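Novice: This is the content of work_28.cif (mmCIF, C-alpha atoms):
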data_protein
loop_
_atom_site.group_PDB
_atom_site.id
_atom_site.type_symbol
_atom_site.label_atom_id
_atom_site.label_comp_id
_atom_site.auth_asym_id
_atom_site.auth_seq_id
_atom_site.Cartn_x
_atom_site.Cartn_y
_atom_site.Cartn_z
ATOM 1 C CA MET Y 127 -18.063 -37.217 -5.105
ATOM 2 C CA ALA Y 128 -19.973 -34.728 -2.974
ATOM 3 C CA PHE Y 129 -17.344 -35.005 -0.233
ATOM 4 C CA ALA Y 130 -14.501 -34.488 -2.706
ATOM 5 C CA TRP Y 131 -16.194 -31.405 -4.167
ATOM 6 C CA HIS Y 132 -16.734 -29.954 -0.692
ATOM 7 C CA ALA Y 133 -13.088 -30.557 0.241
ATOM 8 C CA ALA Y 134 -11.886 -28.866 -2.949
ATOM 9 C CA ALA Y 135 -14.201 -25.905 -2.345
ATOM 10 C CA GLN Y 136 -12.579 -25.398 1.072
ATOM 11 C CA ASP Y 137 -8.997 -25.352 -0.238
ATOM 12 C CA PRO Y 138 -7.421 -22.045 0.778
ATOM 13 C CA PRO Y 139 -6.312 -19.719 -2.017
ATOM 14 C CA PRO Y 140 -2.572 -19.649 -2.771
ATOM 15 C CA PRO Y 141 -0.621 -17.126 -0.686
ATOM 16 C CA ARG Y 142 -0.464 -13.631 -2.155
ATOM 17 C CA THR Y 143 2.827 -12.548 -3.613
ATOM 18 C CA ALA Y 144 1.712 -8.949 -4.252
ATOM 19 C CA LEU Y 145 -1.129 -6.528 -3.579
ATOM 20 C CA ARG Y 146 -2.569 -6.254 -7.096
ATOM 21 C CA VAL Y 147 -4.609 -3.100 -7.550
ATOM 22 C CA CYS Y 148 -7.024 -2.174 -10.362
ATOM 23 C CA GLN Y 149 -6.558 1.492 -11.269
ATOM 24 C CA ASP Y 150 -7.222 4.215 -13.807
ATOM 25 C CA PRO Y 151 -3.859 5.355 -15.258
ATOM 26 C CA ASN Y 152 -4.851 9.051 -15.437
ATOM 27 C CA ASN Y 153 -7.431 9.868 -12.793
ATOM 28 C CA LEU Y 154 -5.974 12.235 -10.214
ATOM 29 C CA PRO Y 155 -6.604 12.816 -7.397
ATOM 30 C CA PHE Y 156 -7.391 9.095 -7.155
ATOM 31 C CA SER Y 157 -4.720 7.294 -9.199
ATOM 32 C CA ASN Y 158 -2.206 7.548 -12.002
ATOM 33 C CA VAL Y 159 0.680 5.551 -13.438
ATOM 34 C CA LYS Y 160 3.172 7.520 -11.336
ATOM 35 C CA GLY Y 161 1.452 6.424 -8.115
ATOM 36 C CA GLU Y 162 0.601 9.980 -7.094
ATOM 37 C CA GLY Y 163 -3.085 9.567 -6.181
ATOM 38 C CA ILE Y 164 -5.035 9.053 -2.972
ATOM 39 C CA GLU Y 165 -5.728 5.419 -3.822
ATOM 40 C CA ASN Y 166 -2.082 4.786 -4.756
ATOM 41 C CA ARG Y 167 -0.940 6.146 -1.414
ATOM 42 C CA ILE Y 168 -3.452 4.048 0.533
ATOM 43 C CA ALA Y 169 -2.487 0.961 -1.479
ATOM 44 C CA GLU Y 170 1.150 1.532 -0.510
ATOM 45 C CA VAL Y 171 0.125 1.721 3.153
ATOM 46 C CA PHE Y 172 -1.711 -1.601 2.758
ATOM 47 C CA GLY Y 173 1.240 -3.185 0.952
ATOM 48 C CA LYS Y 174 3.577 -2.168 3.758
ATOM 49 C CA SER Y 175 1.181 -3.640 6.350
ATOM 50 C CA MET Y 176 0.984 -6.884 4.350
ATOM 51 C CA LYS Y 177 4.754 -6.892 3.657
ATOM 52 C CA LEU Y 178 3.957 -7.246 -0.048
ATOM 53 C CA PRO Y 179 4.875 -5.199 -3.122
ATOM 54 C CA VAL Y 180 2.063 -3.222 -4.750
ATOM 55 C CA VAL Y 181 1.504 -3.772 -8.462
ATOM 56 C CA TYR Y 182 -1.098 -2.110 -10.650
ATOM 57 C CA TYR Y 183 -3.251 -3.177 -13.552
ATOM 58 C CA SER Y 184 -4.366 -0.060 -15.431
ATOM 59 C CA PHE Y 185 -7.462 0.510 -17.519
ATOM 60 C CA PRO Y 186 -9.308 3.810 -18.204
ATOM 61 C CA GLN Y 187 -12.200 4.182 -15.790
ATOM 62 C CA ARG Y 188 -14.883 4.619 -18.401
ATOM 63 C CA LEU Y 189 -17.665 2.160 -19.103
ATOM 64 C CA ALA Y 190 -17.025 -1.470 -18.087
ATOM 65 C CA PHE Y 191 -14.068 -0.665 -15.811
ATOM 66 C CA ILE Y 192 -14.909 -3.447 -13.345
ATOM 67 C CA ARG Y 193 -15.494 -5.967 -16.134
ATOM 68 C CA ASN Y 194 -12.122 -5.144 -17.683
ATOM 69 C CA THR Y 195 -10.139 -5.148 -14.442
ATOM 70 C CA LEU Y 196 -11.463 -6.919 -11.352
ATOM 71 C CA ARG Y 197 -13.529 -9.442 -13.328
ATOM 72 C CA PHE Y 198 -11.161 -9.865 -16.263
ATOM 73 C CA LYS Y 199 -9.580 -13.304 -16.546
ATOM 74 C CA LEU Y 200 -8.113 -15.183 -19.502
ATOM 75 C CA PRO Y 201 -8.306 -19.001 -19.539
ATOM 76 C CA GLY Y 202 -5.463 -20.538 -17.583
ATOM 77 C CA GLU Y 203 -4.335 -17.200 -16.139
ATOM 78 C CA GLU Y 204 -4.877 -15.404 -12.851
ATOM 79 C CA TYR Y 205 -6.962 -12.276 -12.424
ATOM 80 C CA PRO Y 206 -4.724 -9.271 -13.163
ATOM 81 C CA CYS Y 207 -5.857 -7.387 -10.034
ATOM 82 C CA ASP Y 208 -7.739 -8.122 -6.826
ATOM 83 C CA ILE Y 209 -8.998 -4.828 -5.399
ATOM 84 C CA VAL Y 210 -10.524 -1.525 -6.504
ATOM 85 C CA MET Y 211 -9.514 1.133 -3.984
ATOM 86 C CA GLY Y 212 -12.520 3.424 -4.383
ATOM 87 C CA VAL Y 213 -16.178 2.518 -5.033
ATOM 88 C CA PRO Y 214 -19.425 3.867 -3.559
ATOM 89 C CA ALA Y 215 -20.537 1.886 -0.518
ATOM 90 C CA GLY Y 216 -23.027 -0.748 -1.643
ATOM 91 C CA TYR Y 217 -21.885 -0.645 -5.282
ATOM 92 C CA ASP Y 218 -23.391 -3.834 -6.697
ATOM 93 C CA GLN Y 219 -20.727 -4.663 -9.320
ATOM 94 C CA VAL Y 220 -18.317 -5.611 -6.542
ATOM 95 C CA SER Y 221 -18.393 -6.982 -3.027
ATOM 96 C CA ALA Y 222 -17.953 -3.641 -1.283
ATOM 97 C CA THR Y 223 -16.189 -3.259 2.057
ATOM 98 C CA LYS Y 224 -17.308 -1.042 4.877
ATOM 99 C CA PRO Y 225 -16.797 2.663 4.045
ATOM 100 C CA TYR Y 226 -13.526 4.407 4.799
ATOM 101 C CA TYR Y 227 -14.554 7.998 4.071
ATOM 102 C CA HIS Y 228 -17.667 10.116 3.495
ATOM 103 C CA SER Y 229 -17.513 13.064 1.106
ATOM 104 C CA THR Y 230 -19.845 15.196 -0.953
ATOM 105 C CA TYR Y 231 -20.016 17.355 -4.061
ATOM 106 C CA ALA Y 232 -18.754 20.912 -3.690
ATOM 107 C CA LEU Y 233 -18.924 24.353 -5.218
ATOM 108 C CA VAL Y 234 -15.565 25.732 -6.335
ATOM 109 C CA PHE Y 235 -15.107 29.391 -7.282
ATOM 110 C CA PRO Y 236 -12.405 32.087 -7.288
ATOM 111 C CA LYS Y 237 -12.142 34.264 -4.214
ATOM 112 C CA GLY Y 238 -12.579 37.999 -4.616
ATOM 113 C CA LYS Y 239 -15.033 37.727 -7.506
ATOM 114 C CA GLY Y 240 -18.275 38.521 -5.656
ATOM 115 C CA LEU Y 241 -19.008 35.069 -4.184
ATOM 116 C CA ASP Y 242 -16.986 35.230 -0.962
ATOM 117 C CA ALA Y 243 -20.138 35.328 1.199
ATOM 118 C CA VAL Y 244 -21.181 31.890 -0.102
ATOM 119 C CA LYS Y 245 -20.531 29.339 2.651
ATOM 120 C CA SER Y 246 -23.192 26.778 1.720
ATOM 121 C CA GLY Y 247 -25.456 25.687 -1.107
ATOM 122 C CA GLU Y 248 -28.267 27.693 0.489
ATOM 123 C CA ASP Y 249 -26.142 30.851 0.403
ATOM 124 C CA PHE Y 250 -25.440 30.270 -3.273
ATOM 125 C CA LEU Y 251 -29.129 29.867 -4.125
ATOM 126 C CA LYS Y 252 -29.968 33.059 -2.193
ATOM 127 C CA LEU Y 253 -27.637 35.211 -4.270
ATOM 128 C CA ASP Y 254 -29.195 38.148 -6.070
ATOM 129 C CA PRO Y 255 -30.986 36.757 -9.148
ATOM 130 C CA ALA Y 256 -29.115 39.299 -11.252
ATOM 131 C CA VAL Y 257 -25.838 37.726 -10.081
ATOM 132 C CA LEU Y 258 -27.019 34.126 -10.440
ATOM 133 C CA GLY Y 259 -28.360 34.885 -13.895
ATOM 134 C CA LYS Y 260 -24.893 35.747 -15.185
ATOM 135 C CA LEU Y 261 -22.878 32.874 -13.723
ATOM 136 C CA ARG Y 262 -21.436 30.148 -15.938
ATOM 137 C CA ILE Y 263 -21.629 26.995 -13.850
ATOM 138 C CA GLY Y 264 -19.416 24.121 -15.001
ATOM 139 C CA LEU Y 265 -20.519 20.564 -14.253
ATOM 140 C CA TYR Y 266 -20.225 17.023 -15.562
ATOM 141 C CA ASP Y 267 -23.309 15.766 -17.371
ATOM 142 C CA ALA Y 268 -25.438 13.103 -15.658
ATOM 143 C CA SER Y 269 -24.059 14.179 -12.265
ATOM 144 C CA PRO Y 270 -26.038 15.334 -9.206
ATOM 145 C CA ALA Y 271 -25.076 18.893 -10.152
ATOM 146 C CA SER Y 272 -27.365 18.708 -13.189
ATOM 147 C CA ALA Y 273 -30.316 17.614 -11.052
ATOM 148 C CA TRP Y 274 -29.561 20.368 -8.520
ATOM 149 C CA LEU Y 275 -29.516 23.139 -11.120
ATOM 150 C CA ALA Y 276 -32.681 21.780 -12.727
ATOM 151 C CA LYS Y 277 -34.441 21.678 -9.348
ATOM 152 C CA HIS Y 278 -33.594 25.337 -8.712
ATOM 153 C CA ASN Y 279 -34.305 26.594 -12.233
ATOM 154 C CA LEU Y 280 -30.652 27.280 -13.027
ATOM 155 C CA LEU Y 281 -30.100 24.771 -15.807
ATOM 156 C CA GLU Y 282 -29.678 27.566 -18.355
ATOM 157 C CA ARG Y 283 -26.577 28.642 -16.442
ATOM 158 C CA ALA Y 284 -24.952 25.201 -16.831
ATOM 159 C CA VAL Y 285 -21.820 24.612 -18.901
ATOM 160 C CA PRO Y 286 -21.839 20.806 -19.311
ATOM 161 C CA TYR Y 287 -18.766 18.612 -19.671
ATOM 162 C CA LYS Y 288 -18.767 14.988 -20.812
ATOM 163 C CA ILE Y 289 -18.312 12.586 -17.914
ATOM 164 C CA MET Y 290 -17.336 9.799 -20.359
ATOM 165 C CA ASN Y 291 -14.781 11.607 -22.474
ATOM 166 C CA PRO Y 292 -13.051 9.176 -24.887
ATOM 167 C CA ASP Y 293 -9.796 11.158 -24.768
ATOM 168 C CA PRO Y 294 -7.362 9.148 -22.549
ATOM 169 C CA GLU Y 295 -5.509 12.363 -21.697
ATOM 170 C CA GLN Y 296 -8.649 13.946 -20.235
ATOM 171 C CA TYR Y 297 -8.820 13.993 -16.423
ATOM 172 C CA PRO Y 298 -11.614 15.152 -14.083
ATOM 173 C CA GLY Y 299 -9.778 18.139 -12.647
ATOM 174 C CA GLN Y 300 -9.454 19.943 -15.970
ATOM 175 C CA ILE Y 301 -12.744 21.702 -15.293
ATOM 176 C CA ILE Y 302 -11.030 23.443 -12.335
ATOM 177 C CA GLU Y 303 -7.376 23.554 -13.279
ATOM 178 C CA LYS Y 304 -7.955 24.910 -16.764
ATOM 179 C CA ASP Y 305 -11.410 26.378 -17.316
ATOM 180 C CA LEU Y 306 -12.241 27.728 -13.842
ATOM 181 C CA ALA Y 307 -8.729 29.073 -13.309
ATOM 182 C CA SER Y 308 -8.734 30.807 -16.699
ATOM 183 C CA GLY Y 309 -12.190 32.367 -16.232
ATOM 184 C CA LYS Y 310 -13.941 30.311 -18.901
ATOM 185 C CA ILE Y 311 -16.484 29.368 -16.213
ATOM 186 C CA ASP Y 312 -17.309 31.161 -12.949
ATOM 187 C CA VAL Y 313 -18.222 28.217 -10.709
ATOM 188 C CA ALA Y 314 -17.673 24.455 -10.840
ATOM 189 C CA VAL Y 315 -19.776 21.802 -9.107
ATOM 190 C CA VAL Y 316 -17.747 18.609 -8.791
ATOM 191 C CA TRP Y 317 -17.167 15.596 -6.537
ATOM 192 C CA GLY Y 318 -15.471 16.690 -3.299
ATOM 193 C CA PRO Y 319 -12.074 14.963 -3.653
ATOM 194 C CA ILE Y 320 -11.686 16.481 -7.131
ATOM 195 C CA ALA Y 321 -12.721 19.894 -5.792
ATOM 196 C CA GLY Y 322 -10.345 19.835 -2.833
ATOM 197 C CA TYR Y 323 -7.304 18.531 -4.678
ATOM 198 C CA PHE Y 324 -7.414 20.782 -7.718
ATOM 199 C CA ALA Y 325 -8.451 23.866 -5.741
ATOM 200 C CA LYS Y 326 -5.240 23.418 -3.732
ATOM 201 C CA ARG Y 327 -3.196 22.850 -6.892
ATOM 202 C CA VAL Y 328 -4.373 26.087 -8.545
ATOM 203 C CA LYS Y 329 -2.299 28.907 -7.069
ATOM 204 C CA SER Y 330 -3.851 31.799 -8.976
ATOM 205 C CA PRO Y 331 -6.615 32.695 -8.549
ATOM 206 C CA GLU Y 332 -7.122 31.392 -5.019
ATOM 207 C CA LEU Y 333 -10.137 29.080 -5.022
ATOM 208 C CA ALA Y 334 -12.822 28.451 -2.387
ATOM 209 C CA VAL Y 335 -14.363 25.006 -1.822
ATOM 210 C CA VAL Y 336 -17.883 24.831 -0.343
ATOM 211 C CA PRO Y 337 -19.263 21.329 0.423
ATOM 212 C CA LEU Y 338 -22.907 20.810 -0.549
ATOM 213 C CA LYS Y 339 -25.590 19.103 1.518
ATOM 214 C CA SER Y 340 -27.893 16.597 -0.133
ATOM 215 C CA GLU Y 341 -31.518 17.614 -0.614
ATOM 216 C CA ARG Y 342 -34.714 15.723 -1.256
ATOM 217 C CA GLY Y 343 -34.314 14.474 -4.813
ATOM 218 C CA VAL Y 344 -30.623 15.406 -5.075
ATOM 219 C CA LYS Y 345 -27.972 13.192 -3.484
ATOM 220 C CA PHE Y 346 -24.599 14.903 -3.193
ATOM 221 C CA ASP Y 347 -22.939 12.909 -0.386
ATOM 222 C CA TYR Y 348 -21.543 9.393 -0.758
ATOM 223 C CA GLN Y 349 -19.690 7.011 1.520
ATOM 224 C CA MET Y 350 -16.734 5.431 -0.239
ATOM 225 C CA ALA Y 351 -15.520 1.866 0.171
ATOM 226 C CA MET Y 352 -13.209 -0.623 -1.552
ATOM 227 C CA GLY Y 353 -14.310 -3.438 -3.845
ATOM 228 C CA VAL Y 354 -13.285 -7.080 -4.239
ATOM 229 C CA ARG Y 355 -14.775 -9.958 -6.210
ATOM 230 C CA TYR Y 356 -17.899 -11.684 -4.971
ATOM 231 C CA GLY Y 357 -17.165 -14.966 -3.231
ATOM 232 C CA GLU Y 358 -13.817 -13.835 -1.779
ATOM 233 C CA ARG Y 359 -15.087 -13.440 1.777
ATOM 234 C CA GLU Y 360 -11.754 -13.908 3.560
ATOM 235 C CA TRP Y 361 -10.023 -11.379 1.294
ATOM 236 C CA LYS Y 362 -12.790 -8.863 1.925
ATOM 237 C CA GLN Y 363 -12.433 -9.368 5.682
ATOM 238 C CA GLN Y 364 -8.688 -8.879 5.392
ATOM 239 C CA VAL Y 365 -9.170 -5.618 3.472
ATOM 240 C CA GLU Y 366 -11.622 -4.381 6.091
ATOM 241 C CA GLY Y 367 -9.047 -5.217 8.754
ATOM 242 C CA LEU Y 368 -6.470 -3.187 6.822
ATOM 243 C CA ILE Y 369 -8.865 -0.239 6.647
ATOM 244 C CA GLU Y 370 -9.413 -0.351 10.401
ATOM 245 C CA SER Y 371 -5.796 -0.862 11.444
ATOM 246 C CA ASN Y 372 -4.534 1.860 9.096
ATOM 247 C CA ARG Y 373 -7.315 4.379 9.678
ATOM 248 C CA PRO Y 374 -4.992 7.137 11.039
ATOM 249 C CA GLN Y 375 -2.747 6.910 7.958
ATOM 250 C CA ILE Y 376 -5.777 6.882 5.645
ATOM 251 C CA GLN Y 377 -7.185 9.988 7.328
ATOM 252 C CA ALA Y 378 -3.840 11.764 7.028
ATOM 253 C CA ILE Y 379 -3.725 11.016 3.287
ATOM 254 C CA LEU Y 380 -7.288 12.262 2.757
ATOM 255 C CA GLN Y 381 -6.500 15.479 4.627
ATOM 256 C CA GLU Y 382 -3.288 15.981 2.680
ATOM 257 C CA PHE Y 383 -5.249 15.774 -0.588
ATOM 258 C CA GLY Y 384 -7.869 18.250 0.642
ATOM 259 C CA VAL Y 385 -10.780 15.791 0.580
ATOM 260 C CA PRO Y 386 -13.891 17.409 2.142
ATOM 261 C CA GLN Y 387 -15.126 14.910 4.725
ATOM 262 C CA VAL Y 388 -18.663 15.244 6.020
ATOM 263 C CA ASP Y 389 -20.966 13.695 8.598
ATOM 264 C CA ALA Y 390 -24.583 12.506 8.572
ATOM 265 C CA SER Y 391 -25.890 16.087 8.597
ATOM 266 C CA TYR Y 392 -24.988 16.273 4.883
ATOM 267 C CA GLU Y 393 -27.381 13.450 4.014
ATOM 268 C CA ALA Y 394 -30.787 14.261 2.542
ATOM 269 C CA PRO Y 395 -33.598 14.668 5.094
ATOM 270 C CA LYS Y 396 -35.429 11.394 5.667
#
When written as structure tokens, how does the structure in this file appear?

Specialist:
Amino acid sequence: MAFAWHAAAQDPPPPRTALRVCQDPNNLPFSNVKGEGIENRIAEVFGKSMKLPVVYYSFPQRLAFIRNTLRFKLPGEEYPCDIVMGVPAGYDQVSATKPYYHSTYALVFPKGKGLDAVKSGEDFLKLDPAVLGKLRIGLYDASPASAWLAKHNLLERAVPYKIMNPDPEQYPGQIIEKDLASGKIDVAVVWGPIAGYFAKRVKSPELAVVPLKSERGVKFDYQMAMGVRYGEREWKQQVEGLIESNRPQIQAILQEFGVPQVDASYEAPK
């Protein structure tokens, strides 16, 4: 019996007939149902390398996204998707691959409105208190931006947005594309890929993007990986091979979408 169980455990999985991707249907710049996001584009590169079609299983990336996509399985049926294209490195709800890019939160603000000298987070904090005291700083609640403003006694200047908005039509770039562009807020502090993509998409006013370095007590920078199910070691190794062999194409996609990419100098001091 023990031998039979061991033999069954070693049976290879059935050959893949498609690259099945878990995605949010309305989460640009990462993914959408039209396949216009960073993760869609990278998935297509992988599908071409594997000579497989790419199919998507969509679910809003709110609470329990992994449970309702990568881990979701009805009795007698297959999992609807096999890979999440973007998770923080080390994310414990999945078996995370090695990272494929390193980004950070960023300041976004209109050019020509008195902030053009700001080239770093330190420059921003050194602005005249009379200027800082009038700024409306948009941020998502429970994000590193909240901790940063609190640390520097600027929380009263915060204009918070819900990170878990129940509206399926809401998308993360609205804070830039609508409220920052219209002047409802003066500055936004958002995750770098969101900052870079929507700052490029807004044509008027022209927007500046300033990547932020992590500080003691405030982590802004994150390395991003891909996620598969625990126990699927060979699949994870295959995905990591795809990341490595397609690295030039991945980098070109990230640059096209304006993703701020940073190095170890953006990590918090040890």

Novice: Please, what distance in Å, to one decimal, runs between CA of Glu170 (chain Y) and CA of Gly212 (chain Y)?

Specialist: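 Computed distance, CA of Glu170 (chain Y) to CA of Gly212 (chain Y), equals 14.3 Å.
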
Novice: State, in Å with one decimal place, the distance from CA of Ala394 (chain Y) to CA of Glu341 (chain Y).

Specialist: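 Spanning CA of Ala394 (chain Y) to CA of Glu341 (chain Y) is a straight-line distance of 4.7 Å.
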
Novice: Find the residues around Ala321 (chain Y) up to 12 Å (all atoms listed in the file counted), leave out those fewer than 4 positions away in its own chain, and share them as an NGL selection string.

Specialist: :Y and (154-155 or 229-235 or 265 or 298-303 or 306 or 313-317 or 325-328 or 333-338 or 383-387)

Novice: Could you please take those selected residues and save C-alpha atoms as a PDB file, in the frame of the given file?

Specialist:
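Contents of out.pdb, as written:
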ATOM      1  CA  LEU Y 154      -5.974  12.235 -10.214  1.00  0.00           C
ATOM      2  CA  PRO Y 155      -6.604  12.816  -7.397  1.00  0.00           C
ATOM      3  CA  SER Y 229     -17.513  13.064   1.106  1.00  0.00           C
ATOM      4  CA  THR Y 230     -19.845  15.196  -0.953  1.00  0.00           C
ATOM      5  CA  TYR Y 231     -20.016  17.355  -4.061  1.00  0.00           C
ATOM      6  CA  ALA Y 232     -18.754  20.912  -3.690  1.00  0.00           C
ATOM      7  CA  LEU Y 233     -18.924  24.353  -5.218  1.00  0.00           C
ATOM      8  CA  VAL Y 234     -15.565  25.732  -6.335  1.00  0.00           C
ATOM      9  CA  PHE Y 235     -15.107  29.391  -7.282  1.00  0.00           C
ATOM     10  CA  LEU Y 265     -20.519  20.564 -14.253  1.00  0.00           C
ATOM     11  CA  PRO Y 298     -11.614  15.152 -14.083  1.00  0.00           C
ATOM     12  CA  GLY Y 299      -9.778  18.139 -12.647  1.00  0.00           C
ATOM     13  CA  GLN Y 300      -9.454  19.943 -15.970  1.00  0.00           C
ATOM     14  CA  ILE Y 301     -12.744  21.702 -15.293  1.00  0.00           C
ATOM     15  CA  ILE Y 302     -11.030  23.443 -12.335  1.00  0.00           C
ATOM     16  CA  GLU Y 303      -7.376  23.554 -13.279  1.00  0.00           C
ATOM     17  CA  LEU Y 306     -12.241  27.728 -13.842  1.00  0.00           C
ATOM     18  CA  VAL Y 313     -18.222  28.217 -10.709  1.00  0.00           C
ATOM     19  CA  ALA Y 314     -17.673  24.455 -10.840  1.00  0.00           C
ATOM     20  CA  VAL Y 315     -19.776  21.802  -9.107  1.00  0.00           C
ATOM     21  CA  VAL Y 316     -17.747  18.609  -8.791  1.00  0.00           C
ATOM     22  CA  TRP Y 317     -17.167  15.596  -6.537  1.00  0.00           C
ATOM     23  CA  ALA Y 325      -8.451  23.866  -5.741  1.00  0.00           C
ATOM     24  CA  LYS Y 326      -5.240  23.418  -3.732  1.00  0.00           C
ATOM     25  CA  ARG Y 327      -3.196  22.850  -6.892  1.00  0.00           C
ATOM     26  CA  VAL Y 328      -4.373  26.087  -8.545  1.00  0.00           C
ATOM     27  CA  LEU Y 333     -10.137  29.080  -5.022  1.00  0.00           C
ATOM     28  CA  ALA Y 334     -12.822  28.451  -2.387  1.00  0.00           C
ATOM     29  CA  VAL Y 335     -14.363  25.006  -1.822  1.00  0.00           C
ATOM     30  CA  VAL Y 336     -17.883  24.831  -0.343  1.00  0.00           C
ATOM     31  CA  PRO Y 337     -19.263  21.329   0.423  1.00  0.00           C
ATOM     32  CA  LEU Y 338     -22.907  20.810  -0.549  1.00  0.00           C
ATOM     33  CA  PHE Y 383      -5.249  15.774  -0.588  1.00  0.00           C
ATOM     34  CA  GLY Y 384      -7.869  18.250   0.642  1.00  0.00           C
ATOM     35  CA  VAL Y 385     -10.780  15.791   0.580  1.00  0.00           C
ATOM     36  CA  PRO Y 386     -13.891  17.409   2.142  1.00  0.00           C
ATOM     37  CA  GLN Y 387     -15.126  14.910   4.725  1.00  0.00           C
TER      38      GLN Y 387
END

Novice: How many Å separate CA of Asp293 (chain Y) from CA of Tyr183 (chain Y)?

Specialist: 19.3 Å

Novice: May I have the residues within 12 Å of Leu368 (chain Y) as an MDAnalysis selection string, using only C-alpha atoms and disregarding those fewer than 2 positions away in the same chain?

Specialist: chainID Y and resid 168:176 223:224 226 352 361:366 370:376

Novice: Here is a test: counting all atoms listed in the file, which residue of Y:Gly238, Y:Pro206, Y:Gly163, Y:Pro186 is nearest to Ile320 (chain Y)?

Specialist: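 Selected residue with least distance to Ile320 (chain Y): Y:Gly163.
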
Novice: Extract region 226-237 of chain Y from the preceding block and save N, CA, C and O atoms as a CSV table (one decimal), in the first residue's frame.

Specialist:
chain,number,residue,atom,x,y,z
Y,226,TYR,N,10.7,39.6,-10.1
Y,226,TYR,CA,11.1,40.0,-11.4
Y,226,TYR,C,11.1,41.5,-11.6
Y,226,TYR,O,11.5,42.0,-12.7
Y,227,TYR,N,10.7,42.2,-10.6
Y,227,TYR,CA,11.0,43.7,-10.6
Y,227,TYR,C,10.9,44.2,-9.2
Y,227,TYR,O,10.4,43.6,-8.3
Y,228,HIS,N,11.5,45.4,-9.0
Y,228,HIS,CA,11.6,46.1,-7.7
Y,228,HIS,C,11.2,47.5,-7.9
Y,228,HIS,O,11.8,48.3,-8.6
Y,229,SER,N,10.1,47.9,-7.2
Y,229,SER,CA,9.5,49.2,-7.4
Y,229,SER,C,9.3,49.8,-6.0
Y,229,SER,O,9.5,49.2,-4.9
Y,230,THR,N,8.7,51.0,-6.0
Y,230,THR,CA,8.5,51.7,-4.7
Y,230,THR,C,7.3,52.7,-4.9
Y,230,THR,O,6.9,53.0,-6.0
Y,231,TYR,N,6.8,53.1,-3.7
Y,231,TYR,CA,5.8,54.2,-3.8
Y,231,TYR,C,6.4,55.5,-4.3
Y,231,TYR,O,7.6,55.7,-4.3
Y,232,ALA,N,5.5,56.4,-4.8
Y,232,ALA,CA,6.0,57.6,-5.4
Y,232,ALA,C,5.1,58.7,-5.1
Y,232,ALA,O,3.9,58.5,-5.0
Y,233,LEU,N,5.7,59.9,-5.1
Y,233,LEU,CA,4.9,61.2,-5.1
Y,233,LEU,C,4.5,61.5,-6.6
Y,233,LEU,O,5.3,61.4,-7.5
Y,234,VAL,N,3.3,62.0,-6.8
Y,234,VAL,CA,2.8,62.4,-8.1
Y,234,VAL,C,2.2,63.8,-7.9
Y,234,VAL,O,1.4,64.0,-7.0
Y,235,PHE,N,2.6,64.8,-8.7
Y,235,PHE,CA,2.1,66.1,-8.6
Y,235,PHE,C,2.2,66.9,-9.9
Y,235,PHE,O,3.0,66.5,-10.7
Y,236,PRO,N,1.4,67.9,-10.1
Y,236,PRO,CA,1.4,68.6,-11.4
Y,236,PRO,C,2.7,69.5,-11.4
Y,236,PRO,O,3.1,70.1,-10.4
Y,237,LYS,N,3.3,69.6,-12.6
Y,237,LYS,CA,4.4,70.4,-12.8
Y,237,LYS,C,3.9,71.9,-12.9
Y,237,LYS,O,2.8,72.1,-13.3
